[in-house]
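Participant: The structure is given below, and queries will be raised subsequently.
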Amino acid sequence: MERKLRLAVLISGGGSNLQAILNACEQPEYPAEVVVVASNRRSAHGLQRARSAGIPAIAMPHKDYPDRSSHERQIISEIERYNIDLLVLAGYMRVVTSVMIDRFFNRAKSLPGVMNIHPADTRAYQGAHGYEYALGLLPENPNRLKQTWITVHFVDAGVDTGPIIYQAPVPVKPNDTIDTLRDRGLAIEHQIYPLVIQWYAENRIILVSDQVHIRSV
Ligand code: GRF
């Protein structure tokens, strides 16, 4: 088998997407491996998930740094030692800058090297609280949607504005609460994030003029 794609995963919280990726990586034929996990929160449960899988897990609280760029520089210097091919944001609640994005551009694939998962259609809603948005609980959208989306996208210098790689629909049911909708959405997130990472590893993702095409096998 060819060399596996080396992933660094940044998290801030529970890390259920990280767990889905770790589970996928346990399959011998899966073409990627998580080599390091880092968090801006010491209490992020995802750090425990990484350690349980025998993966280095580093806490770098942003509050310990005077500004965003010094925090980001520290993350870069910690994770680049692992010779990574793709930086995966999985519930990482910090904006990343062009310094990080440029540093991890994947020259071998001529593709952006930072990916994110967002629990909404990034064309309609950016930022935190995507499931609340779908339920009409935010001022940006007082109307409940009938269907929302999960988006996996490349990260650019904006907030949830990078090229969309793949989207999957999530039905919003009339009696949904935030918990039931999030549970349904997360189950879909856990399927599609490992899948998109697999496509990336298999060179199936093509980016032309900010439009992604997925090559069939
Ligand atoms: C997910 O809903 C993800 O789409 C969003 O943050 C949440 C992270 O959940 N970016 P988890 O930490 O992976 O459980």
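Residue names in the structure tokens use chain letters A, B, ... in the order shown, residue numbers from 1 in each chain, and ligand numbers from 1 in the order shown.
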Would you please give, as JSON, numbers by chain, all residues of region 6-216 of chain A that DSSP assigns to alpha helix (DSSP H) based on the backbone?
Facilitator: {"A": [16, 17, 18, 19, 20, 21, 22, 23, 24, 25, 45, 46, 47, 48, 49, 50, 51, 52, 68, 69, 70, 71, 72, 73, 74, 75, 76, 77, 78, 79, 98, 99, 100, 101, 102, 103, 130, 131, 132, 133, 134, 178, 179, 180, 181, 182, 183, 184, 185, 186, 187, 188, 189, 190, 191, 192, 193, 194, 195, 196, 197, 198, 199, 200, 201]}
Participant: Show me, as a list in words, the residues that have an atom within 7 Å of Val170 (chain A) when counting only C-alpha atoms, minus same-chain residues fewer than 3 positions from it.
Facilitator: Gln147, Thr148, Trp149 and Gly185 of chain A
Participant: Considering only C-alpha atoms and all ligand atoms, give me a table of residues in chain A that are at most 6 Å from ligand 1, with the closest atom pair and distance in Å for each, as a Markdown table.
Facilitator:
```
| residue | atom | partner | partner_atom_place_in_ligand_line | distance |
| --- | --- | --- | --- | --- |
| A:Gly13 | CA | ligand 1 | 12 (O) | 4.6 |
| A:Gly14 | CA | ligand 1 | 12 (O) | 4.0 |
| A:Gly15 | CA | ligand 1 | 12 (O) | 3.5 |
| A:Ser16 | CA | ligand 1 | 14 (O) | 3.5 |
| A:Asn17 | CA | ligand 1 | 13 (O) | 3.7 |
| A:Leu18 | CA | ligand 1 | 13 (O) | 5.8 |
| A:Ala90 | CA | ligand 1 | 13 (O) | 5.2 |
| A:Gly91 | CA | ligand 1 | 6 (O) | 3.5 |
| A:Ile117 | CA | ligand 1 | 4 (O) | 4.7 |
| A:His118 | CA | ligand 1 | 4 (O) | 4.1 |
| A:Pro119 | CA | ligand 1 | 4 (O) | 4.3 |
```
Participant: Please measure the separation of CA of Gly158 (chain A) and CA of Val95 (chain A), giving the value in Å to one decimal.
Facilitator: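 One can read the CA of Gly158 (chain A) to CA of Val95 (chain A) distance as 8.2 Å.
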Participant: Looking at A:Ala201, A:Ala38, A:Ala57, A:Val208, which one is nearest to Arg3 (chain A), with distances taken over only C-alpha atoms?
Facilitator: A:Ala201
Participant: Apply DSSP to the structure's backbone, then extract all residues of region 8-215 of chain A labelled strand (DSSP E) and return them as a ChimeraX atom specification.
Facilitator: /A:8-11,32-39,57-59,86-89,114-118,147-154,164-171,205-208,211-214
Participant: Tell me which protein, DNA and RNA residues are within 12 Å of Ile150 (chain A), counting only C-alpha atoms, leaving out same-chain ones fewer than 2 positions away, and put them as a VMD selection string.
Facilitator: chain A and resid 116 to 126 130 to 131 134 147 to 148 152 to 153 160 164 to 171 181 to 182 184 to 193
Participant: Using only C-alpha atoms, find the one residue out of A:Pro163, A:Asn40, A:Arg107, A:Leu22 that sits nearest to Tyr65 (chain A).
Facilitator: A:Asn40
Participant: Return the single residue from A:Gln74, A:Asn106, A:Asn203, A:Thr161 that is closest to Ser39 (chain A), with distances computed using only C-alpha atoms.
Facilitator: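 Going through A:Gln74, A:Asn106, A:Asn203, A:Thr161 one by one, the smallest distance to Ser39 (chain A) is for A:Gln74.
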Participant: Name all residues at most 10 Å from Asn143 (chain A) (count only C-alpha atoms; drop same-chain ones fewer than 5 positions away) and give them as a PyMOL selection string.
Facilitator: chain A and resi 133-138
